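entry06.tsv follows; it contains TSV, C-alpha atoms.
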```tsv
chain	number	residue	atom	x	y	z
B	160	MET	CA	-93.21	-23.29	35.87
B	161	ASN	CA	-90.54	-25.02	37.96
B	162	THR	CA	-87.16	-23.35	38.32
B	163	LEU	CA	-85.41	-26.65	39.05
B	164	PRO	CA	-85.51	-29.89	37.06
B	165	THR	CA	-87.91	-32.51	38.29
B	166	VAL	CA	-86.36	-35.34	36.28
B	167	GLU	CA	-85.81	-38.42	38.37
B	168	ASN	CA	-83.80	-41.56	37.70
B	169	ARG	CA	-85.55	-44.86	38.20
B	170	THR	CA	-82.34	-45.92	39.94
B	171	SER	CA	-80.32	-43.86	42.42
B	172	THR	CA	-78.94	-40.76	40.73
B	173	ALA	CA	-75.98	-40.85	43.12
B	174	ALA	CA	-74.84	-44.05	41.45
B	175	VAL	CA	-74.93	-42.59	37.93
B	176	PRO	CA	-71.45	-41.69	36.61
B	177	ALA	CA	-70.97	-38.20	35.19
B	178	ASP	CA	-70.21	-39.52	31.68
B	179	ASP	CA	-73.53	-41.40	31.54
B	180	LEU	CA	-76.33	-39.95	29.42
B	181	SER	CA	-78.69	-40.34	32.39
B	182	TRP	CA	-76.60	-37.85	34.33
B	183	THR	CA	-77.15	-35.23	31.63
B	184	VAL	CA	-80.89	-35.93	31.51
B	185	VAL	CA	-81.52	-35.66	35.27
B	186	ARG	CA	-80.03	-32.16	35.28
B	187	MET	CA	-82.20	-30.83	32.45
B	188	ARG	CA	-84.88	-28.21	33.15
B	189	ALA	CA	-88.25	-29.93	33.24
B	190	GLY	CA	-91.81	-28.69	33.64
B	191	GLU	CA	-93.26	-31.85	35.13
B	192	ARG	CA	-92.13	-34.92	37.00
B	193	ILE	CA	-90.27	-37.17	34.57
B	194	VAL	CA	-88.86	-40.57	35.47
B	195	VAL	CA	-85.79	-41.71	33.56
B	196	ASN	CA	-85.96	-45.28	32.36
B	197	ALA	CA	-82.36	-46.14	33.23
B	198	PRO	CA	-82.36	-49.56	31.50
B	199	LEU	CA	-83.62	-47.97	28.28
B	200	ILE	CA	-80.93	-45.25	28.42
B	201	ALA	CA	-78.30	-47.92	29.10
B	202	ALA	CA	-79.54	-49.98	26.15
B	203	TYR	CA	-79.34	-46.94	23.87
B	204	GLN	CA	-75.76	-46.22	24.96
B	205	ALA	CA	-74.75	-49.84	24.42
B	206	ALA	CA	-76.17	-49.74	20.89
B	207	SER	CA	-74.54	-46.39	19.98
B	208	SER	CA	-70.99	-45.31	19.26
B	209	ARG	CA	-69.11	-43.16	21.76
B	210	HIS	CA	-69.07	-40.35	19.20
B	211	SER	CA	-72.87	-40.45	18.88
B	212	ILE	CA	-73.31	-40.40	22.65
B	213	ARG	CA	-70.90	-37.48	23.08
B	214	ALA	CA	-72.69	-35.55	20.33
B	215	LEU	CA	-76.10	-36.17	21.93
B	216	LYS	CA	-74.88	-35.13	25.38
B	217	SER	CA	-73.33	-31.97	23.97
B	218	ASP	CA	-76.50	-31.06	22.05
B	219	LEU	CA	-78.73	-31.63	25.08
B	220	GLU	CA	-76.53	-29.59	27.40
B	221	ALA	CA	-76.50	-26.68	24.93
B	222	PHE	CA	-80.29	-26.86	24.50
B	223	ASP	CA	-80.85	-27.03	28.26
B	224	LEU	CA	-78.57	-24.03	28.87
B	225	TRP	CA	-80.48	-21.96	26.31
B	226	CYS	CA	-83.80	-22.97	27.89
B	227	ARG	CA	-82.62	-21.89	31.34
B	228	ARG	CA	-81.38	-18.54	30.07
B	229	HIS	CA	-84.66	-17.86	28.28
B	230	ASP	CA	-86.98	-19.28	30.96
B	231	ARG	CA	-88.13	-22.16	28.77
B	232	THR	CA	-88.84	-25.79	29.59
B	233	ALA	CA	-86.48	-28.32	28.02
B	234	LEU	CA	-88.44	-31.45	28.96
B	235	PRO	CA	-90.94	-31.80	27.50
B	236	ALA	CA	-90.17	-29.04	25.01
B	237	ALA	CA	-92.89	-27.15	23.18
B	238	PRO	CA	-92.67	-26.80	19.38
B	239	GLU	CA	-92.25	-23.02	19.82
B	240	THR	CA	-89.23	-23.65	22.07
B	241	VAL	CA	-87.56	-25.93	19.54
B	242	ALA	CA	-88.28	-23.56	16.66
B	243	ASP	CA	-86.92	-20.54	18.57
B	244	TYR	CA	-83.83	-22.50	19.60
B	245	LEU	CA	-83.05	-23.48	15.99
B	246	ASP	CA	-83.49	-19.85	14.94
B	247	HIS	CA	-81.08	-18.82	17.70
B	248	ARG	CA	-78.44	-21.31	16.59
B	249	ALA	CA	-78.85	-20.23	12.96
B	250	GLU	CA	-78.28	-16.60	13.98
B	251	LYS	CA	-75.10	-17.70	15.78
B	252	GLY	CA	-73.75	-19.25	12.57
B	253	SER	CA	-74.87	-22.89	12.72
B	254	LYS	CA	-75.27	-24.48	9.30
B	255	PRO	CA	-78.45	-26.30	8.19
B	256	ALA	CA	-76.74	-29.67	8.60
B	257	SER	CA	-75.91	-28.85	12.23
B	258	LEU	CA	-79.44	-27.60	12.86
B	259	GLY	CA	-80.74	-30.92	11.59
B	260	ARG	CA	-78.54	-32.69	14.13
B	261	TYR	CA	-79.78	-30.48	16.99
B	262	LYS	CA	-83.37	-31.20	16.00
B	263	ALA	CA	-82.66	-34.95	15.88
B	264	SER	CA	-81.03	-34.85	19.34
B	265	ILE	CA	-84.06	-33.14	20.86
B	266	ALA	CA	-86.31	-35.71	19.20
B	267	LYS	CA	-84.14	-38.60	20.46
B	268	ILE	CA	-84.26	-37.61	24.13
B	269	HIS	CA	-88.05	-37.16	24.01
B	270	GLN	CA	-88.37	-40.63	22.50
B	271	LEU	CA	-86.08	-42.18	25.13
B	272	LEU	CA	-88.11	-40.57	27.93
B	273	ASP	CA	-91.45	-41.56	26.37
B	274	LEU	CA	-92.41	-37.90	25.94
B	275	LYS	CA	-94.29	-36.34	23.05
B	276	ASP	CA	-91.77	-35.42	20.36
B	277	PRO	CA	-92.16	-31.70	19.47
B	278	THR	CA	-89.97	-31.79	16.36
B	279	PRO	CA	-92.56	-33.12	13.83
B	280	ALA	CA	-94.80	-30.11	14.54
B	281	PRO	CA	-95.52	-27.95	11.45
B	282	LEU	CA	-94.04	-24.89	13.17
B	283	VAL	CA	-90.64	-26.59	13.61
B	284	LYS	CA	-90.62	-27.95	10.06
B	285	LEU	CA	-91.58	-24.61	8.49
B	286	ARG	CA	-89.09	-22.58	10.54
B	287	LEU	CA	-86.30	-25.01	9.66
B	288	GLN	CA	-87.34	-24.90	6.00
B	289	ALA	CA	-87.19	-21.10	6.10
B	290	ILE	CA	-83.67	-21.24	7.54
B	291	ARG	CA	-82.53	-23.65	4.84
B	292	ARG	CA	-84.06	-21.46	2.16
B	293	ARG	CA	-82.25	-18.44	3.57
B	294	LEU	CA	-78.86	-20.08	4.12
B	295	GLY	CA	-78.88	-22.80	1.48
B	296	THR	CA	-78.11	-26.42	2.26
B	297	ALA	CA	-74.72	-26.85	0.58
B	298	GLN	CA	-72.14	-28.11	3.10
B	299	ARG	CA	-68.61	-26.76	3.22
B	300	GLN	CA	-66.34	-29.43	1.82
B	301	ALA	CA	-62.91	-30.17	3.26
B	302	ARG	CA	-60.09	-29.20	0.90
B	303	PRO	CA	-58.88	-32.41	-0.78
B	304	LEU	CA	-55.45	-33.88	-0.19
B	305	ARG	CA	-54.83	-35.60	-3.52
B	306	PHE	CA	-51.72	-37.70	-4.07
B	307	LYS	CA	-50.31	-35.53	-6.88
B	308	GLY	CA	-52.46	-32.48	-6.30
B	309	PRO	CA	-54.97	-30.98	-8.77
B	310	VAL	CA	-53.90	-32.95	-11.87
B	311	ARG	CA	-55.94	-34.36	-14.73
B	312	ASN	CA	-54.12	-37.69	-14.90
B	313	VAL	CA	-53.10	-39.02	-11.51
B	314	GLU	CA	-50.84	-41.64	-13.12
B	315	ARG	CA	-48.88	-39.62	-15.70
B	316	ASP	CA	-48.99	-35.97	-14.60
B	317	ALA	CA	-46.25	-34.51	-12.42
B	318	PRO	CA	-47.26	-33.43	-8.90
B	319	ARG	CA	-48.28	-29.80	-8.49
B	320	GLY	CA	-49.84	-27.55	-5.89
B	321	LEU	CA	-50.71	-29.14	-2.56
B	322	ASN	CA	-50.02	-32.86	-2.86
B	323	VAL	CA	-49.61	-35.85	-0.57
B	324	ARG	CA	-46.36	-36.97	-2.21
B	325	ALA	CA	-44.57	-33.74	-1.28
B	326	LEU	CA	-45.85	-33.94	2.30
B	327	LEU	CA	-44.61	-37.51	2.69
B	328	GLU	CA	-41.18	-36.67	1.28
B	329	SER	CA	-40.88	-33.65	3.60
B	330	CYS	CA	-41.32	-35.64	6.81
B	331	ALA	CA	-38.30	-35.76	9.11
B	332	GLU	CA	-36.74	-39.06	10.10
B	333	ASP	CA	-37.31	-38.51	13.82
B	334	LEU	CA	-40.15	-40.14	15.75
B	335	PRO	CA	-42.79	-37.45	15.07
B	336	GLY	CA	-41.84	-37.41	11.39
B	337	LEU	CA	-42.07	-41.19	11.06
B	338	ARG	CA	-45.44	-41.18	12.81
B	339	ASP	CA	-46.81	-38.38	10.66
B	340	ARG	CA	-45.65	-40.02	7.41
B	341	ALA	CA	-47.30	-43.31	8.35
B	342	LEU	CA	-50.50	-41.54	9.47
B	343	LEU	CA	-50.92	-39.51	6.27
B	344	SER	CA	-50.00	-42.40	3.99
B	345	ALA	CA	-52.49	-44.73	5.70
B	346	GLY	CA	-55.13	-42.00	5.76
B	347	TYR	CA	-54.84	-41.50	2.02
B	348	ASP	CA	-54.72	-45.23	1.15
B	349	THR	CA	-57.80	-46.13	3.16
B	350	GLY	CA	-59.88	-42.95	3.14
B	351	LEU	CA	-60.68	-43.62	6.80
B	352	ARG	CA	-62.33	-41.00	8.97
B	353	ALA	CA	-60.27	-39.63	11.86
B	354	SER	CA	-61.93	-41.81	14.51
B	355	GLU	CA	-61.42	-44.90	12.35
B	356	LEU	CA	-57.81	-44.02	11.51
B	357	VAL	CA	-56.66	-43.62	15.11
B	358	ALA	CA	-58.47	-46.87	16.02
B	359	ILE	CA	-56.05	-48.93	13.86
B	360	GLU	CA	-54.16	-51.49	15.93
B	361	VAL	CA	-51.17	-53.62	15.00
B	362	GLU	CA	-53.40	-56.68	15.07
B	363	HIS	CA	-55.62	-55.18	12.34
B	364	ILE	CA	-52.80	-55.28	9.75
B	365	LEU	CA	-53.02	-58.54	7.80
B	366	GLU	CA	-50.98	-60.32	5.13
B	367	ALA	CA	-51.91	-59.72	1.48
B	368	ILE	CA	-51.27	-61.63	-1.76
B	369	ASP	CA	-48.70	-58.97	-2.66
B	370	PRO	CA	-45.88	-59.62	-0.14
B	371	GLU	CA	-45.02	-55.91	0.01
B	372	ALA	CA	-48.60	-54.75	0.62
B	373	ARG	CA	-50.97	-55.42	3.50
B	374	LEU	CA	-54.70	-55.55	4.17
B	375	LEU	CA	-56.29	-53.56	6.95
B	376	SER	CA	-59.16	-55.04	8.93
B	377	ILE	CA	-61.68	-52.36	9.92
B	378	PRO	CA	-63.79	-53.82	12.76
B	379	ARG	CA	-66.19	-50.89	12.95
B	380	SER	CA	-66.82	-47.61	11.16
B	381	LYS	CA	-69.34	-44.77	11.05
B	382	GLY	CA	-71.36	-46.57	8.39
B	383	ASP	CA	-71.02	-49.93	10.14
B	384	GLN	CA	-72.38	-49.52	13.65
B	385	ASP	CA	-73.26	-53.22	13.87
B	386	GLY	CA	-69.62	-54.21	13.48
B	387	GLU	CA	-69.90	-56.32	10.33
B	388	GLY	CA	-66.36	-55.23	9.51
B	389	ALA	CA	-64.62	-54.21	6.29
B	390	THR	CA	-61.19	-54.46	4.68
B	391	ALA	CA	-58.99	-51.77	3.12
B	392	TYR	CA	-55.78	-51.94	1.11
B	393	LEU	CA	-52.43	-50.66	2.38
B	394	SER	CA	-49.92	-49.92	-0.37
B	395	PRO	CA	-46.24	-50.92	-0.15
B	396	ARG	CA	-45.50	-47.21	0.43
B	397	THR	CA	-47.72	-47.18	3.51
B	398	VAL	CA	-46.45	-50.55	4.73
B	399	ARG	CA	-42.87	-49.24	4.66
B	400	ALA	CA	-43.90	-46.09	6.52
B	401	ILE	CA	-45.84	-47.97	9.22
B	402	THR	CA	-43.07	-50.55	9.64
B	403	ALA	CA	-40.43	-47.85	10.13
B	404	TRP	CA	-42.60	-46.06	12.69
B	405	LEU	CA	-43.45	-49.20	14.66
B	406	GLU	CA	-39.82	-50.35	14.80
B	407	VAL	CA	-38.37	-47.06	16.03
B	408	ALA	CA	-41.28	-46.47	18.44
B	409	GLU	CA	-40.97	-50.08	19.67
B	410	ILE	CA	-44.67	-50.77	19.24
B	411	ALA	CA	-45.51	-54.47	18.96
B	412	ALA	CA	-49.22	-54.47	19.79
B	413	GLY	CA	-52.13	-52.13	20.42
B	414	PRO	CA	-52.77	-48.72	18.83
B	415	VAL	CA	-50.53	-47.90	15.86
B	416	PHE	CA	-50.80	-44.12	15.90
B	417	ARG	CA	-49.89	-42.65	19.28
B	418	ARG	CA	-48.92	-39.34	20.84
B	419	VAL	CA	-45.22	-38.46	20.81
B	420	ASN	CA	-44.15	-36.22	23.68
B	421	VAL	CA	-41.09	-34.12	22.87
B	422	ARG	CA	-38.64	-33.10	25.60
B	423	ARG	CA	-36.03	-30.53	24.62
B	424	CYS	CA	-33.01	-30.51	26.94
B	425	LYS	CA	-30.84	-27.38	26.89
B	426	ALA	CA	-27.09	-27.49	26.53
B	427	ARG	CA	-25.03	-27.10	29.70
B	428	ALA	CA	-21.50	-25.74	29.84
B	429	ALA	CA	-18.71	-27.65	31.53
B	430	VAL	CA	-18.26	-26.95	35.25
B	431	ARG	CA	-14.80	-27.05	36.79
B	432	GLY	CA	-14.56	-28.69	40.18
B	433	ARG	CA	-13.71	-26.46	43.15
B	434	HIS	CA	-10.75	-26.92	45.43
B	435	ILE	CA	-11.81	-28.32	48.76
B	436	ASP	CA	-10.35	-25.33	50.62
B	437	SER	CA	-12.66	-22.97	48.69
B	438	ILE	CA	-15.78	-24.46	50.24
B	439	SER	CA	-16.86	-22.05	52.96
B	440	ALA	CA	-18.19	-23.17	56.30
B	441	LEU	CA	-21.26	-21.09	55.56
B	442	GLU	CA	-22.11	-23.39	52.60
B	443	THR	CA	-23.75	-26.75	52.67
B	444	TRP	CA	-20.90	-29.23	52.81
B	445	ASP	CA	-20.95	-31.47	49.75
B	446	LEU	CA	-17.85	-33.23	48.49
B	447	ARG	CA	-19.38	-33.40	45.01
B	448	LYS	CA	-18.60	-29.69	44.62
B	449	THR	CA	-14.98	-30.69	44.07
B	450	LEU	CA	-15.89	-32.79	41.03
B	451	SER	CA	-15.80	-31.39	37.53
B	452	LYS	CA	-18.83	-31.77	35.27
B	453	PRO	CA	-18.44	-32.21	31.52
B	454	ALA	CA	-20.38	-30.12	29.02
B	455	VAL	CA	-23.75	-31.54	27.99
B	456	PRO	CA	-24.93	-30.84	24.44
B	457	ALA	CA	-28.53	-29.91	23.68
B	458	ARG	CA	-30.67	-32.89	22.84
B	459	VAL	CA	-34.25	-33.86	22.06
B	460	ALA	CA	-35.87	-36.85	23.76
B	461	TYR	CA	-39.12	-38.50	22.75
B	462	ASP	CA	-41.69	-40.43	24.76
B	463	VAL	CA	-44.28	-42.50	22.89
B	464	GLY	CA	-47.64	-42.74	24.63
B	465	ALA	CA	-49.49	-45.97	25.31
B	466	GLY	CA	-52.91	-44.85	24.02
B	467	ALA	CA	-54.13	-43.91	20.57
B	468	LEU	CA	-54.12	-40.38	19.20
B	469	HIS	CA	-57.31	-38.38	19.73
B	470	PRO	CA	-59.31	-38.07	16.49
B	471	ALA	CA	-59.29	-34.28	16.81
B	472	SER	CA	-55.49	-34.24	16.50
B	473	VAL	CA	-55.39	-35.71	12.98
B	474	GLY	CA	-56.39	-32.51	11.20
B	475	SER	CA	-53.84	-30.53	13.23
B	476	ILE	CA	-51.10	-32.99	12.26
B	477	TYR	CA	-51.98	-32.65	8.57
B	478	ARG	CA	-51.89	-28.85	8.78
B	479	ALA	CA	-48.52	-28.93	10.56
B	480	MET	CA	-47.14	-31.23	7.84
B	481	ILE	CA	-48.28	-28.78	5.15
B	482	GLN	CA	-46.66	-25.84	6.96
B	483	ARG	CA	-43.35	-27.73	7.33
B	484	ALA	CA	-43.37	-28.80	3.68
B	485	PHE	CA	-44.01	-25.20	2.62
B	486	ASP	CA	-41.21	-23.89	4.86
B	487	ARG	CA	-38.81	-26.40	3.28
B	488	GLY	CA	-39.73	-25.33	-0.24
B	489	ALA	CA	-41.45	-28.61	-1.10
B	490	LEU	CA	-44.60	-26.84	-2.31
B	491	PRO	CA	-43.14	-24.31	-4.80
B	492	ASP	CA	-46.48	-23.68	-6.53
B	493	LEU	CA	-48.02	-22.20	-3.38
B	494	THR	CA	-47.63	-18.59	-2.26
B	495	SER	CA	-48.00	-17.45	1.33
B	496	ASP	CA	-51.54	-16.33	0.57
B	497	ASP	CA	-52.30	-19.73	-1.00
B	498	LEU	CA	-50.96	-21.47	2.09
B	499	GLU	CA	-53.17	-19.47	4.45
B	500	ARG	CA	-56.24	-20.28	2.36
B	501	VAL	CA	-55.29	-23.95	2.06
B	502	LEU	CA	-54.72	-24.45	5.78
B	503	LYS	CA	-58.20	-23.13	6.60
B	504	GLY	CA	-59.79	-25.86	4.50
B	505	ILE	CA	-57.70	-28.83	5.64
B	506	SER	CA	-59.21	-31.32	8.06
B	507	ALA	CA	-58.89	-35.00	8.89
B	508	HIS	CA	-61.47	-35.58	6.13
B	509	SER	CA	-59.16	-34.14	3.45
B	510	THR	CA	-57.54	-37.48	2.67
B	511	ARG	CA	-60.95	-39.11	2.21
B	512	VAL	CA	-62.01	-36.36	-0.20
B	513	GLY	CA	-58.66	-36.55	-1.99
B	514	LEU	CA	-58.78	-40.31	-2.51
B	515	ASN	CA	-62.38	-40.01	-3.68
B	516	GLN	CA	-61.35	-37.45	-6.32
B	517	ASP	CA	-58.26	-39.39	-7.43
B	518	LEU	CA	-60.39	-42.49	-7.96
B	519	PHE	CA	-62.80	-40.40	-10.05
B	520	THR	CA	-60.08	-38.87	-12.24
B	521	SER	CA	-58.47	-42.28	-12.75
B	522	GLY	CA	-61.70	-43.50	-14.37
B	523	GLU	CA	-63.28	-45.53	-11.57
B	524	ASP	CA	-67.06	-45.69	-11.70
B	525	LEU	CA	-69.36	-44.75	-8.83
B	526	ALA	CA	-69.80	-48.35	-7.71
B	527	GLY	CA	-66.04	-48.82	-7.44
B	528	ILE	CA	-65.59	-45.60	-5.51
B	529	MET	CA	-68.39	-46.48	-3.10
B	530	ASP	CA	-66.86	-49.90	-2.51
B	531	ALA	CA	-63.34	-48.53	-1.96
B	532	LEU	CA	-64.50	-45.92	0.53
B	533	ARG	CA	-67.27	-48.03	2.06
B	534	TRP	CA	-70.06	-45.58	1.20
B	535	LYS	CA	-73.63	-46.70	1.84
B	536	SER	CA	-75.13	-43.95	-0.32
B	537	PRO	CA	-73.92	-42.26	-3.54
B	538	ARG	CA	-74.79	-38.80	-2.22
B	539	MET	CA	-71.45	-37.90	-0.64
B	540	PRO	CA	-69.09	-39.31	-3.31
B	541	LEU	CA	-71.12	-37.45	-5.94
B	542	ALA	CA	-70.90	-34.26	-3.88
B	543	TYR	CA	-67.12	-34.61	-3.48
B	544	ASN	CA	-66.71	-35.02	-7.24
B	545	ARG	CA	-69.16	-32.29	-8.30
B	546	ASN	CA	-66.50	-29.81	-9.42
B	547	LEU	CA	-64.38	-32.44	-11.16
B	548	ALA	CA	-67.46	-33.82	-12.93
B	549	ALA	CA	-68.29	-30.37	-14.27
B	550	GLU	CA	-64.75	-29.96	-15.60
B	551	GLN	CA	-64.78	-33.34	-17.31
B	552	ALA	CA	-68.34	-33.11	-18.64
B	553	ALA	CA	-69.20	-32.30	-22.25
B	554	ALA	CA	-69.10	-28.52	-21.85
B	555	GLY	CA	-65.81	-28.66	-19.93
B	556	ARG	CA	-64.16	-30.85	-22.58
B	557	LEU	CA	-65.31	-28.53	-25.38
B	558	MET	CA	-64.13	-25.34	-23.68
B	559	ALA	CA	-60.73	-26.93	-23.01
B	560	LYS	CA	-60.37	-27.64	-26.75
B	561	LEU	CA	-61.42	-24.12	-27.72
B	562	GLY	CA	-58.81	-22.58	-25.42
```
Target encoding structure tokens, full file:
Amino acid sequence: MNTLPTVENRTSTAAVPADDLSWTVVRMRAGERIVVNAPLIAAYQAASSRHSIRALKSDLEAFDLWCRRHDRTALPAAPETVADYLDHRAEKGSKPASLGRYKASIAKIHQLLDLKDPTPAPLVKLRLQAIRRRLGTAQRQARPLRFKGPVRNVERDAPRGLNVRALLESCAEDLPGLRDRALLSAGYDTGLRASELVAIEVEHILEAIDPEARLLSIPRSKGDQDGEGATAYLSPRTVRAITAWLEVAEIAAGPVFRRVNVRRCKARAAVRGRHIDSISALETWDLRKTLSKPAVPARVAYDVGAGALHPASVGSIYRAMIQRAFDRGALPDLTSDDLERVLKGISAHSTRVGLNQDLFTSGEDLAGIMDALRWKSPRMPLAYNRNLAAEQAAAGRLMAKLG
């Protein structure tokens, strides 16, 4: 078995940039001479989203590292190698959904290199089935961010618990606060995923029949890789929040949601100018030493970046908003223990789950929910509403009457 990869690029490997998938492939541990079809790899990258390419590269690098440490061949991989690798990842805490992705990534690179795919082998299927049987296949759901919190009637009930309204009202009027309010409000209105939310540009916001509302053009999304496009609704509340943010941040075009760098300048006491005769010959002569300097108060300065926020920052912003609202007493129903538990479950997906559940409790049918959130399959909206459906089903309604 070779100790070094024998993967070769059909073009010069020196010309391949480090962020190219080909660069990852040529460094993988191989057991035979493999020639990379560079045009095919390039075509795959052109047809895939950046997120998909990053995920594939990450999966391949992790698989290759494990193969090197365990003296296995990554390309072409044997079914035993794939099965053992999936077992290893399961032991390290990977969920069945993640294992399915790792398996798909290994299959994809074998297909792109015209190698025999080891993943359909019975051994791989049975070992993965055993893992799923042992761990279960239920995915951990992000904690929902519902507009009024866990209420039965989203229109009439007063807000309680963790709710979007309280978070919006708790935002400061400085630049970070204006940005965060607009981000959360737009995230709830549209149910966009993090990557889709940060991709919003000023040019995507369109006029609507309601003069106070707007429509949002969504050029591309996770479920729309071909770029057919979709449209979402922005409420007057969100329009006001976005308008305030754009005006103060002086953003007229390009990404709407951007990084805000905060510079905190300390206060400086007044300095009395020195008499010219007090300046020693041993000092550096500078006539400015005779000038007095006024006191400078502490201040905070903000710099708005030119590029869009990173998708990974959205969840962190939501969690920071919850912490600030709690500290200001805007979430009186939550204890410190509740807050700790809540923060662990909040992610950028929380607004999507929350909108999904609010639509369900307001009486919208599955078709309407799928249309509003641009679902291609009913599986996920049904999963998000599983607990609510149980509460509102026949048994739940009866038990509520019995008390």
>> Taking 5 positions as the minimum chain separation for residues in the same chain, which residues sit within 9 Å of Gly466 (chain B) when counting all atoms listed in the file? Answer as a list in words.
In response: Gly413, Pro414, Phe416, Arg417 and Arg418 of chain B
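Shortest separation to Ser506 (chain B) among B:Ala266, B:Ile438, B:Leu304, B:Ala214 occurs at residue B:Leu304, atoms counted being all atoms listed in the file.
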> Residues at most 9 Å from region 234-241 of chain B, counting all atoms listed in the file, excluding those fewer than 3 positions away in the same chain, as JSON, numbers by chain?
Replying inline: {"B": [164, 166, 187, 188, 189, 190, 191, 193, 222, 223, 226, 231, 244, 245, 246, 262, 265, 268, 269, 274, 275, 276, 277, 278, 279, 280, 281, 282, 283]}
> Contacts of region 521-523 of chain B at 9 Å or less, counting only C-alpha atoms, minus same-chain residues fewer than 6 places along, as a PyMOL selection string?
Replying inline: chain B and resi 311-314
> Can you find the residues with an atom no farther than 10 Å from (-41.4, -35.7, 3.3), counting all atoms listed in the file, and report them as a list of chain:residue names?
Replying inline: B:Val323, B:Arg324, B:Ala325, B:Leu326, B:Leu327, B:Glu328, B:Ser329, B:Cys330, B:Ala331, B:Glu332, B:Gly336, B:Leu337, B:Asp339, B:Arg340, B:Met480, B:Ile481, B:Arg483, B:Ala484, B:Arg487, B:Ala489
Completed region 238-243 of chain B (all heavy atoms) as a tab-separated table (two decimals), in the frame of the given file:
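Contents of result14.tsv, freshly written:
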```tsv
chain	number	residue	atom	x	y	z
B	238	PRO	N	-93.14	-27.08	20.74
B	238	PRO	CA	-92.67	-26.80	19.38
B	238	PRO	C	-92.11	-25.39	19.24
B	238	PRO	O	-91.11	-25.18	18.53
B	238	PRO	CB	-93.93	-27.00	18.53
B	238	PRO	CG	-94.76	-27.98	19.30
B	238	PRO	CD	-94.51	-27.64	20.73
B	239	GLU	N	-92.75	-24.40	19.90
B	239	GLU	CA	-92.25	-23.02	19.82
B	239	GLU	C	-90.83	-22.93	20.38
B	239	GLU	O	-89.99	-22.18	19.85
B	239	GLU	CB	-93.17	-22.08	20.59
B	239	GLU	CG	-94.55	-21.92	20.00
B	239	GLU	CD	-95.50	-23.03	20.40
B	239	GLU	OE1	-95.09	-23.95	21.16
B	239	GLU	OE2	-96.67	-23.00	19.97
B	240	THR	N	-90.57	-23.67	21.46
B	240	THR	CA	-89.23	-23.65	22.07
B	240	THR	C	-88.20	-24.20	21.11
B	240	THR	O	-87.12	-23.62	20.93
B	240	THR	CB	-89.24	-24.47	23.37
B	240	THR	OG1	-90.16	-23.88	24.30
B	240	THR	CG2	-87.86	-24.52	23.99
B	241	VAL	N	-88.50	-25.32	20.49
B	241	VAL	CA	-87.56	-25.93	19.54
B	241	VAL	C	-87.33	-25.01	18.35
B	241	VAL	O	-86.18	-24.79	17.92
B	241	VAL	CB	-88.08	-27.30	19.07
B	241	VAL	CG1	-87.12	-27.90	18.03
B	241	VAL	CG2	-88.25	-28.25	20.25
B	242	ALA	N	-88.40	-24.45	17.81
B	242	ALA	CA	-88.28	-23.56	16.66
B	242	ALA	C	-87.45	-22.32	16.99
B	242	ALA	O	-86.57	-21.92	16.21
B	242	ALA	CB	-89.66	-23.15	16.16
B	243	ASP	N	-87.68	-21.72	18.16
B	243	ASP	CA	-86.92	-20.54	18.57
B	243	ASP	C	-85.45	-20.89	18.80
B	243	ASP	O	-84.55	-20.09	18.49
B	243	ASP	CB	-87.50	-19.94	19.85
B	243	ASP	CG	-88.86	-19.28	19.60
B	243	ASP	OD1	-89.22	-19.07	18.42
B	243	ASP	OD2	-89.56	-18.99	20.60
```
